[in-house]
>>> print(open('my_file_27.cif').read())   # mmCIF, C-alpha atoms and all ligand atoms
data_protein
#
loop_
_atom_site.label_atom_id
_atom_site.label_comp_id
_atom_site.auth_asym_id
_atom_site.auth_seq_id
_atom_site.Cartn_x
_atom_site.Cartn_y
_atom_site.Cartn_z
CA MET Y 105 -77.65 -48.41 143.11
CA ARG Y 106 -74.69 -49.86 144.97
CA ARG Y 107 -71.72 -51.76 143.63
CA THR Y 108 -71.94 -55.33 144.81
CA VAL Y 109 -69.35 -58.06 144.35
CA VAL Y 110 -70.25 -61.76 144.42
CA ILE Y 111 -67.35 -64.07 145.24
CA TYR Y 112 -67.38 -67.59 143.82
CA HIS Y 113 -64.99 -70.32 142.65
CA GLU Y 114 -66.11 -73.46 140.80
CA ASP Y 115 -63.68 -75.56 142.86
CA TYR Y 116 -66.07 -75.11 145.81
CA LEU Y 117 -68.13 -77.85 144.11
CA ASN Y 118 -65.28 -80.36 144.53
CA HIS Y 119 -65.72 -80.60 148.30
CA ASP Y 120 -68.12 -83.53 148.59
CA PRO Y 121 -67.82 -85.71 151.73
CA GLY Y 122 -71.37 -87.01 151.11
CA SER Y 123 -70.51 -88.75 147.82
CA GLN Y 124 -66.96 -89.66 148.78
CA LEU Y 125 -68.00 -91.41 152.00
CA LYS Y 126 -71.48 -92.41 150.81
CA ILE Y 127 -73.15 -90.74 153.77
CA GLU Y 128 -76.00 -88.28 154.24
CA TYR Y 129 -74.32 -84.88 154.22
CA SER Y 130 -76.49 -81.79 154.01
CA GLU Y 131 -73.55 -79.47 153.28
CA CYS Y 132 -73.38 -80.56 149.62
CA PRO Y 133 -72.14 -79.02 146.34
CA ASP Y 134 -75.72 -78.56 145.01
CA ARG Y 135 -76.17 -75.74 147.51
CA LEU Y 136 -73.84 -73.60 145.40
CA ARG Y 137 -74.44 -75.29 142.05
CA ASN Y 138 -78.17 -74.49 142.22
CA THR Y 139 -77.47 -70.99 143.47
CA MET Y 140 -75.07 -70.12 140.66
CA LYS Y 141 -77.61 -71.53 138.18
CA LEU Y 142 -80.31 -69.18 139.46
CA LEU Y 143 -77.98 -66.16 139.68
CA THR Y 144 -76.92 -66.77 136.08
CA GLU Y 145 -80.32 -67.60 134.57
CA SER Y 146 -82.09 -64.73 136.31
CA GLY Y 147 -79.64 -62.25 134.75
CA LEU Y 148 -78.59 -60.95 138.17
CA LEU Y 149 -74.90 -61.47 137.44
CA LYS Y 150 -75.25 -59.38 134.25
CA LYS Y 151 -76.47 -56.30 136.11
CA ARG Y 152 -74.18 -53.32 135.61
CA ASN Y 153 -73.45 -52.88 139.32
CA ILE Y 154 -72.91 -56.56 140.18
CA THR Y 155 -69.50 -58.13 139.56
CA LEU Y 156 -68.47 -61.76 139.91
CA LEU Y 157 -65.00 -62.30 141.37
CA LYS Y 158 -62.90 -65.47 141.61
CA PRO Y 159 -60.88 -65.63 144.84
CA GLU Y 160 -57.39 -66.93 145.60
CA PRO Y 161 -56.88 -69.44 148.41
CA ALA Y 162 -55.97 -68.10 151.84
CA THR Y 163 -52.28 -68.55 152.65
CA LEU Y 164 -50.82 -70.41 155.61
CA GLU Y 165 -49.95 -67.01 157.05
CA ASP Y 166 -53.64 -66.04 156.88
CA LEU Y 167 -54.68 -69.25 158.66
CA VAL Y 168 -52.17 -68.97 161.52
CA GLN Y 169 -53.64 -65.60 162.52
CA ILE Y 170 -56.62 -67.60 163.83
CA HIS Y 171 -55.78 -71.31 164.03
CA SER Y 172 -52.97 -73.18 165.80
CA ARG Y 173 -50.26 -74.67 163.59
CA ASP Y 174 -50.99 -78.10 165.07
CA TYR Y 175 -54.62 -77.95 164.05
CA ILE Y 176 -53.84 -76.69 160.54
CA GLU Y 177 -51.29 -79.50 160.14
CA GLN Y 178 -53.86 -82.02 161.38
CA VAL Y 179 -56.41 -80.96 158.73
CA LYS Y 180 -53.70 -80.92 156.08
CA SER Y 181 -52.46 -84.44 156.80
CA MET Y 182 -55.98 -85.90 157.10
CA SER Y 183 -56.84 -84.27 153.79
CA LYS Y 184 -53.76 -85.78 152.15
CA ILE Y 185 -54.76 -89.34 153.02
CA GLY Y 186 -58.47 -88.57 152.72
CA LYS Y 187 -59.33 -89.85 156.17
CA GLY Y 188 -60.13 -88.41 159.59
CA TYR Y 189 -62.49 -86.17 161.51
CA VAL Y 190 -62.45 -82.82 163.22
CA ASP Y 191 -64.69 -82.16 166.18
CA LEU Y 192 -65.34 -80.00 169.22
CA PRO Y 193 -62.99 -80.34 172.16
CA ARG Y 194 -64.44 -82.68 174.81
CA ASN Y 195 -63.42 -82.14 178.44
CA GLY Y 196 -61.19 -79.32 177.30
CA ALA Y 197 -58.97 -81.52 175.14
CA LEU Y 198 -58.97 -82.37 171.48
CA LYS Y 199 -57.60 -85.84 170.83
CA LYS Y 200 -58.09 -87.64 167.56
CA PRO Y 201 -61.85 -87.67 167.14
CA LYS Y 202 -63.44 -90.78 165.65
CA SER Y 203 -66.56 -89.01 164.48
CA GLY Y 204 -67.69 -85.46 163.82
CA THR Y 205 -67.02 -83.54 160.64
CA PRO Y 206 -65.18 -85.71 158.11
CA VAL Y 207 -62.06 -84.60 156.28
CA VAL Y 208 -61.79 -86.08 152.78
CA LYS Y 209 -59.21 -85.82 150.00
CA GLY Y 210 -58.70 -82.18 149.07
CA THR Y 211 -60.60 -80.73 152.04
CA TYR Y 212 -57.56 -78.68 153.09
CA GLN Y 213 -57.20 -76.96 149.71
CA ILE Y 214 -60.91 -76.16 149.33
CA ALA Y 215 -61.24 -74.97 152.92
CA LYS Y 216 -58.33 -72.61 152.21
CA LEU Y 217 -60.11 -71.44 149.06
CA SER Y 218 -63.26 -70.85 151.09
CA ALA Y 219 -61.32 -68.72 153.57
CA GLY Y 220 -59.78 -66.93 150.58
CA GLY Y 221 -63.31 -66.13 149.38
CA GLY Y 222 -64.00 -64.41 152.68
CA ILE Y 223 -60.74 -62.48 152.48
CA ALA Y 224 -61.60 -61.32 148.95
CA ALA Y 225 -65.05 -60.13 150.07
CA GLY Y 226 -63.60 -58.06 152.90
CA LYS Y 227 -60.82 -56.67 150.73
CA VAL Y 228 -62.96 -55.36 147.84
CA VAL Y 229 -65.19 -53.58 150.33
CA ALA Y 230 -62.31 -52.21 152.45
CA GLU Y 231 -60.51 -50.92 149.38
CA GLY Y 232 -63.65 -49.20 148.12
CA LYS Y 233 -63.85 -51.30 144.95
CA ALA Y 234 -67.36 -52.28 145.99
CA ASP Y 235 -69.89 -51.02 148.51
CA ASN Y 236 -70.68 -54.51 149.70
CA ALA Y 237 -69.93 -58.13 148.89
CA PHE Y 238 -71.50 -61.58 149.20
CA ALA Y 239 -69.07 -64.50 149.43
CA LEU Y 240 -70.76 -67.58 148.02
CA ILE Y 241 -68.34 -69.99 149.63
CA ARG Y 242 -68.14 -73.45 151.15
CA PRO Y 243 -67.21 -75.20 153.37
CA PRO Y 244 -68.62 -72.82 155.99
CA GLY Y 245 -66.60 -71.62 158.97
CA HIS Y 246 -68.39 -70.30 162.07
CA HIS Y 247 -68.23 -73.54 164.12
CA ALA Y 248 -64.42 -73.77 163.76
CA GLY Y 249 -62.30 -72.48 166.64
CA LYS Y 250 -58.59 -71.98 167.17
CA ASN Y 251 -57.79 -75.69 167.39
CA TYR Y 252 -60.94 -77.48 166.34
CA GLY Y 253 -63.46 -77.86 163.55
CA ALA Y 254 -67.12 -78.87 163.80
CA GLY Y 255 -70.49 -78.81 162.05
CA TYR Y 256 -69.15 -78.94 158.44
CA CYS Y 257 -66.55 -76.24 159.29
CA TYR Y 258 -62.74 -76.54 159.18
CA PHE Y 259 -61.37 -72.98 159.19
CA ASN Y 260 -63.21 -69.94 160.52
CA ASN Y 261 -63.70 -67.90 157.34
CA ILE Y 262 -65.13 -64.76 158.95
CA ALA Y 263 -62.41 -64.59 161.64
CA ILE Y 264 -59.69 -65.08 159.01
CA MET Y 265 -61.25 -62.28 156.95
CA ILE Y 266 -61.27 -59.94 159.96
CA GLU Y 267 -57.62 -60.56 160.83
CA ASN Y 268 -56.71 -59.97 157.20
CA LEU Y 269 -58.58 -56.64 157.20
CA ARG Y 270 -56.83 -55.69 160.42
CA ARG Y 271 -53.35 -56.52 159.11
CA LYS Y 272 -53.63 -55.36 155.52
CA CYS Y 273 -56.44 -52.80 155.24
CA GLN Y 274 -55.94 -50.70 158.38
CA MET Y 275 -59.38 -51.53 159.74
CA LYS Y 276 -59.65 -51.55 163.53
CA ARG Y 277 -63.21 -52.22 164.62
CA PHE Y 278 -65.45 -55.00 163.40
CA MET Y 279 -69.03 -55.95 163.99
CA ILE Y 280 -70.09 -59.53 163.29
CA LEU Y 281 -73.73 -60.43 162.89
CA ASP Y 282 -74.27 -64.19 162.75
CA TRP Y 283 -77.79 -65.05 161.58
CA ASP Y 284 -77.20 -68.77 161.04
CA VAL Y 285 -79.75 -70.97 162.87
CA HIS Y 286 -76.83 -72.62 164.71
CA HIS Y 287 -74.70 -70.84 167.28
CA GLY Y 288 -71.42 -69.43 165.94
CA ASN Y 289 -69.45 -71.04 168.77
CA GLY Y 290 -66.09 -70.92 166.97
CA THR Y 291 -66.38 -67.22 166.23
CA GLN Y 292 -67.48 -66.58 169.82
CA ASP Y 293 -64.47 -68.51 171.21
CA ILE Y 294 -62.00 -66.71 168.94
CA PHE Y 295 -63.10 -63.17 169.78
CA TYR Y 296 -64.37 -63.70 173.35
CA GLU Y 297 -61.72 -61.47 174.92
CA ASP Y 298 -61.39 -59.01 172.03
CA PRO Y 299 -62.98 -55.57 172.53
CA THR Y 300 -62.37 -54.60 168.89
CA VAL Y 301 -64.83 -57.21 167.60
CA LEU Y 302 -68.47 -56.88 168.57
CA SER Y 303 -70.11 -60.25 167.92
CA VAL Y 304 -73.88 -60.56 167.78
CA HIS Y 305 -75.05 -64.16 167.53
CA THR Y 306 -78.69 -64.88 166.81
CA HIS Y 307 -79.60 -68.56 166.65
CA GLN Y 308 -82.18 -71.15 167.64
CA ALA Y 309 -81.83 -71.64 171.41
CA HIS Y 310 -79.90 -74.75 172.53
CA HIS Y 311 -79.97 -76.27 169.08
CA TYR Y 312 -76.35 -76.82 167.98
CA PRO Y 313 -73.73 -76.95 169.29
CA VAL Y 314 -74.29 -77.33 173.00
CA TYR Y 315 -71.02 -78.06 174.76
CA LYS Y 316 -68.72 -75.77 176.73
CA THR Y 317 -70.60 -72.75 175.37
CA LYS Y 318 -74.30 -72.93 174.74
CA GLY Y 319 -75.04 -69.65 173.00
CA ASP Y 320 -76.86 -68.36 176.08
CA SER Y 321 -77.37 -64.66 176.71
CA ASP Y 322 -75.15 -64.69 179.81
CA GLU Y 323 -72.10 -65.43 177.63
CA ILE Y 324 -71.10 -61.80 177.20
CA GLY Y 325 -67.34 -61.97 176.66
CA SER Y 326 -64.54 -61.88 179.21
CA GLY Y 327 -61.54 -59.76 180.20
CA GLU Y 328 -61.26 -56.75 177.92
CA GLY Y 329 -63.87 -58.33 175.69
CA LYS Y 330 -66.55 -58.26 178.37
CA GLY Y 331 -69.72 -56.76 176.88
CA TYR Y 332 -68.66 -57.33 173.28
CA ASN Y 333 -70.27 -60.74 172.80
CA ILE Y 334 -74.04 -60.74 172.50
CA ASN Y 335 -76.06 -63.94 172.24
CA VAL Y 336 -79.71 -63.87 171.26
CA PRO Y 337 -81.09 -67.41 171.60
CA LEU Y 338 -84.36 -67.54 169.67
CA PRO Y 339 -87.22 -69.89 170.57
CA PRO Y 340 -88.34 -72.38 167.90
CA GLU Y 341 -90.95 -70.96 165.47
CA THR Y 342 -89.47 -67.44 165.70
CA THR Y 343 -90.79 -65.50 162.69
CA GLY Y 344 -89.33 -62.85 160.43
CA GLU Y 345 -91.42 -60.22 162.22
CA ASP Y 346 -89.95 -61.34 165.55
CA TYR Y 347 -86.47 -61.04 164.09
CA LEU Y 348 -87.22 -57.58 162.76
CA TYR Y 349 -87.99 -56.61 166.34
CA VAL Y 350 -84.58 -57.98 167.40
CA THR Y 351 -83.00 -56.05 164.52
CA ASP Y 352 -84.63 -52.72 165.36
CA GLN Y 353 -84.38 -53.00 169.15
CA LEU Y 354 -80.93 -54.55 169.49
CA ILE Y 355 -78.84 -55.09 166.36
CA VAL Y 356 -79.21 -51.60 164.89
CA PRO Y 357 -78.70 -49.75 168.22
CA VAL Y 358 -75.53 -51.72 169.13
CA ALA Y 359 -74.12 -51.11 165.64
CA GLU Y 360 -74.74 -47.39 166.09
CA ALA Y 361 -73.14 -47.41 169.54
CA PHE Y 362 -70.10 -49.49 168.54
CA LYS Y 363 -69.39 -47.74 165.20
CA PRO Y 364 -67.50 -50.51 163.41
CA ASP Y 365 -65.35 -49.93 160.32
CA ILE Y 366 -67.28 -52.71 158.57
CA ILE Y 367 -70.25 -54.98 159.27
CA CYS Y 368 -69.42 -58.65 158.67
CA VAL Y 369 -72.26 -61.14 158.39
CA SER Y 370 -72.07 -64.88 158.96
CA SER Y 371 -74.94 -65.43 156.60
CA GLY Y 372 -76.37 -68.85 157.32
CA LEU Y 373 -79.65 -69.35 155.47
CA ASP Y 374 -80.96 -72.14 157.69
CA MET Y 375 -83.39 -69.88 159.58
CA HIS Y 376 -85.60 -70.31 156.48
CA TYR Y 377 -88.91 -72.00 157.22
CA THR Y 378 -88.17 -74.84 154.79
CA ASP Y 379 -84.76 -75.69 156.19
CA PRO Y 380 -84.35 -79.33 157.25
CA LEU Y 381 -81.89 -78.48 160.06
CA GLY Y 382 -83.74 -75.71 161.91
CA ASN Y 383 -87.13 -74.72 163.32
CA ILE Y 384 -87.18 -70.97 162.64
CA LYS Y 385 -89.69 -69.36 160.30
CA PHE Y 386 -87.84 -66.82 158.17
CA THR Y 387 -89.14 -66.34 154.65
CA THR Y 388 -87.01 -65.28 151.70
CA GLN Y 389 -88.39 -61.79 152.18
CA THR Y 390 -87.18 -61.74 155.79
CA TYR Y 391 -83.58 -61.98 154.59
CA ALA Y 392 -84.06 -59.19 152.06
CA VAL Y 393 -85.66 -56.90 154.64
CA ILE Y 394 -82.99 -57.43 157.30
CA THR Y 395 -80.33 -56.91 154.62
CA GLN Y 396 -81.95 -53.55 153.83
CA ARG Y 397 -81.96 -52.66 157.53
CA LEU Y 398 -78.24 -53.49 157.68
CA ILE Y 399 -77.53 -51.35 154.61
CA ASP Y 400 -79.27 -48.42 156.30
CA VAL Y 401 -77.31 -48.72 159.54
CA ALA Y 402 -74.03 -49.43 157.70
CA GLU Y 403 -74.61 -46.25 155.72
CA ARG Y 404 -74.81 -44.31 158.98
CA VAL Y 405 -71.86 -45.91 160.77
CA CYS Y 406 -69.33 -47.22 158.20
CA ASN Y 407 -70.02 -45.75 154.75
CA GLY Y 408 -72.22 -48.71 153.85
CA LYS Y 409 -69.43 -51.28 154.14
CA ILE Y 410 -70.86 -54.79 154.52
CA ALA Y 411 -69.36 -58.20 153.73
CA LEU Y 412 -71.56 -61.30 153.94
CA LEU Y 413 -70.10 -64.80 154.04
CA LEU Y 414 -72.27 -67.82 153.40
CA GLU Y 415 -72.46 -70.26 156.32
CA GLY Y 416 -75.27 -72.88 156.49
CA GLY Y 417 -78.59 -73.25 154.63
CA TYR Y 418 -79.69 -76.66 153.41
CA ASN Y 419 -82.95 -76.49 151.48
CA LEU Y 420 -81.70 -76.76 147.92
CA GLU Y 421 -84.60 -74.78 146.48
CA ALA Y 422 -84.65 -72.06 149.13
CA VAL Y 423 -80.90 -71.30 149.32
CA PRO Y 424 -80.64 -70.01 145.71
CA ARG Y 425 -83.72 -67.80 146.11
CA VAL Y 426 -82.57 -66.34 149.41
CA VAL Y 427 -79.09 -65.61 148.04
CA ALA Y 428 -80.59 -63.94 144.95
CA SER Y 429 -82.91 -61.86 147.08
CA ILE Y 430 -80.09 -60.76 149.42
CA ILE Y 431 -77.88 -59.84 146.46
CA ALA Y 432 -80.71 -57.87 144.85
CA ALA Y 433 -81.15 -56.02 148.15
CA LEU Y 434 -77.39 -55.38 148.50
CA ALA Y 435 -77.22 -53.97 144.98
CA GLU Y 436 -80.39 -51.90 145.59
CA LEU Y 437 -82.10 -53.19 142.48
CA GLY Y 438 -85.54 -52.20 143.78
CA ASP Y 439 -88.50 -54.06 145.21
CA ALA Y 440 -89.56 -55.72 141.95
CA GLU Y 441 -86.20 -57.46 141.60
CA ILE Y 442 -85.99 -58.36 145.29
CA THR Y 443 -89.48 -59.85 145.49
CA LYS Y 444 -88.99 -61.83 142.26
CA TYR Y 445 -87.29 -64.57 144.26
CA ILE Y 446 -89.91 -64.88 146.95
CA GLU Y 447 -91.53 -68.27 146.81
CA TYR Y 448 -95.29 -68.67 146.99
CA LYS Y 449 -96.28 -70.05 150.34
CA SER Y 450 -99.88 -70.51 149.20
CA ARG Y 451 -99.45 -73.59 147.05
CA ARG Y 452 -102.67 -75.00 148.51
CA LEU Y 453 -104.59 -72.03 147.09
CA ARG Y 454 -103.46 -72.74 143.54
CA LYS Y 455 -106.42 -74.97 142.62
CA GLN Y 456 -108.89 -72.53 144.10
CA ILE Y 457 -107.45 -69.51 142.29
CA SER Y 458 -107.33 -71.31 138.98
CA ALA Y 459 -110.99 -72.39 139.37
CA ILE Y 460 -112.03 -68.80 140.15
CA LYS Y 461 -110.14 -67.50 137.13
CA LYS Y 462 -111.78 -70.11 134.93
CA ALA Y 463 -115.23 -69.08 136.16
CA ILE Y 464 -114.51 -65.41 135.48
CA SER Y 465 -113.15 -66.14 132.03
CA ARG Y 466 -116.40 -67.88 131.10
CA THR Y 467 -118.19 -64.54 131.51
CA HIS Y 468 -115.85 -63.00 128.86
CA VAL Y 469 -116.04 -59.72 130.76
CA LEU Y 470 -112.43 -59.24 131.91
CA GLY Y 471 -110.73 -61.03 129.04
CA LEU Y 472 -108.87 -63.45 131.35
ZN ZN Y 501 -76.22 -73.54 160.42
#
>>> encode(input="my_file_27.cif", output="structure tokens")
Amino acid sequence: MRRTVVIYHEDYLNHDPGSQLKIEYSECPDRLRNTMKLLTESGLLKKRNITLLKPEPATLEDLVQIHSRDYIEQVKSMSKIGKGYVDLPRNGALKKPKSGTPVVKGTYQIAKLSAGGGIAAGKVVAEGKADNAFALIRPPGHHAGKNYGAGYCYFNNIAIMIENLRRKCQMKRFMILDWDVHHGNGTQDIFYEDPTVLSVHTHQAHHYPVYKTKGDSDEIGSGEGKGYNINVPLPPETTGEDYLYVTDQLIVPVAEAFKPDIICVSSGLDMHYTDPLGNIKFTTQTYAVITQRLIDVAERVCNGKIALLLEGGYNLEAVPRVVASIIAALAELGDAEITKYIEYKSRRLRKQISAIKKAISRTHVLGL
């Protein structure tokens, strides 16, 4: 069994643009509220080798390693008055956007706390206090670049975590695997010229965002970073088996070749077949299996060090189950615990099975 840390702070529930602005907003507090409920009720958080940890907010110094001071100040002042938007740069410039991702009262503080959750996940793993960690954080981060936010993201949590590990934990080489259904454009922008960060982005092809970068496979990095950015655009309806092929043929071999000090995962859960914002067909089991594959390769290249940070994932019933299943896999609790969270796809067979059982029970032979 491995020692796994789960990072969570109840203040993550206070970020609620949907209710505050009375708009449809998929990135809602229930994503984490429901997840913590399942993790608690299932007894997962009581397991001997799983620890729950409350993070501190990231500091301004942490943020400026990735974001421009102007952008940070912009988010801070919008958050103070509870009004404004962040968005992708159009025509190379970022003026004051009139739509995009809304900033509401308190966004700045909770986005800093979310980045702090990522930092905490990286730190416990780097310092050997845990083998791996799952940061159950929000708002997410992978669409945010140096001077912009987008797609529910304000600060790039995984990039901030990496710079923190570089500055404070003597780590030098990082592999990012982004398995969110949307392209991690912000992360790609930030590390595009950096040969010490190998970024592997797997996402639904030309889904979101499509602007300056499209997440295409010819975007391979530039300058010294050339060859260290890998995009794998997946066609709609891609299945878990398809992704396992990508894992075995590409993700595992590049991890072995690059030999990172830690594997960092932008763990969006919106590749799930029930997700309202994507058209990919992962099941809950898919996530557990690819997590196990990552544990195996991490064991070979970086003493098992893995930190996962939550990104997207919007089906409120699926997200808790997937998180539970990933955590059970990270903590190596065994197949019975991992498969406990797999939902039944065969709801339509329920009536049939119950009728068959009834018929058998009438014979009194099997004692059903
Ligand atoms: Zn997403």
>>> residues_near_ligand(input="my_file_27.cif", ligand="ligand ZN 501 (chain Y)", cutoff="7 Å", atoms="all atoms listed in the file", output="ChimeraX atom specification")
/Y:284-286,372,374,415-417
>>> atom_distance(input="my_file_27.cif", atom1="CA of Ala239 in chain Y", atom2="CA of Ile431 in chain Y")
10.4 Å
>>> residues_around(input="my_file_27.cif", residues="Ile394 in chain Y", least_positions_apart="6", cutoff="9 Å", atoms="all atoms listed in the file", output="list of chain:residue names")
Y:Gly344, Y:Tyr347, Y:Leu348, Y:Thr351
>>> write_last_selection(input="my_file_27.cif", atoms="C-alpha atoms", output="compact mmCIF listing (two decimals), in the coordinates of the input")
# COMPACT_ATOMS: atom_id res chain seq x y z
CA GLY Y 344 -89.33 -62.85 160.43
CA TYR Y 347 -86.47 -61.04 164.09
CA LEU Y 348 -87.22 -57.58 162.76
CA THR Y 351 -83.00 -56.05 164.52
>>> atom_distance(input="my_file_27.cif", atom1="CA of Gly253 in chain Y", atom2="CA of Ser172 in chain Y")
11.7 Å
>>> closest_residue(input="my_file_27.cif", among="Y:Ala162, Y:Ser303, Y:Ala428, Y:Gln308", to="Thr144 in chain Y", atoms="all atoms listed in the file")
Y:Ala428
>>> closest_residue(input="my_file_27.cif", among="Y:Asn195, Y:Gln169, Y:Thr467, Y:Ser321", to="Asn260 in chain Y", atoms="all atoms listed in the file")
Y:Gln169
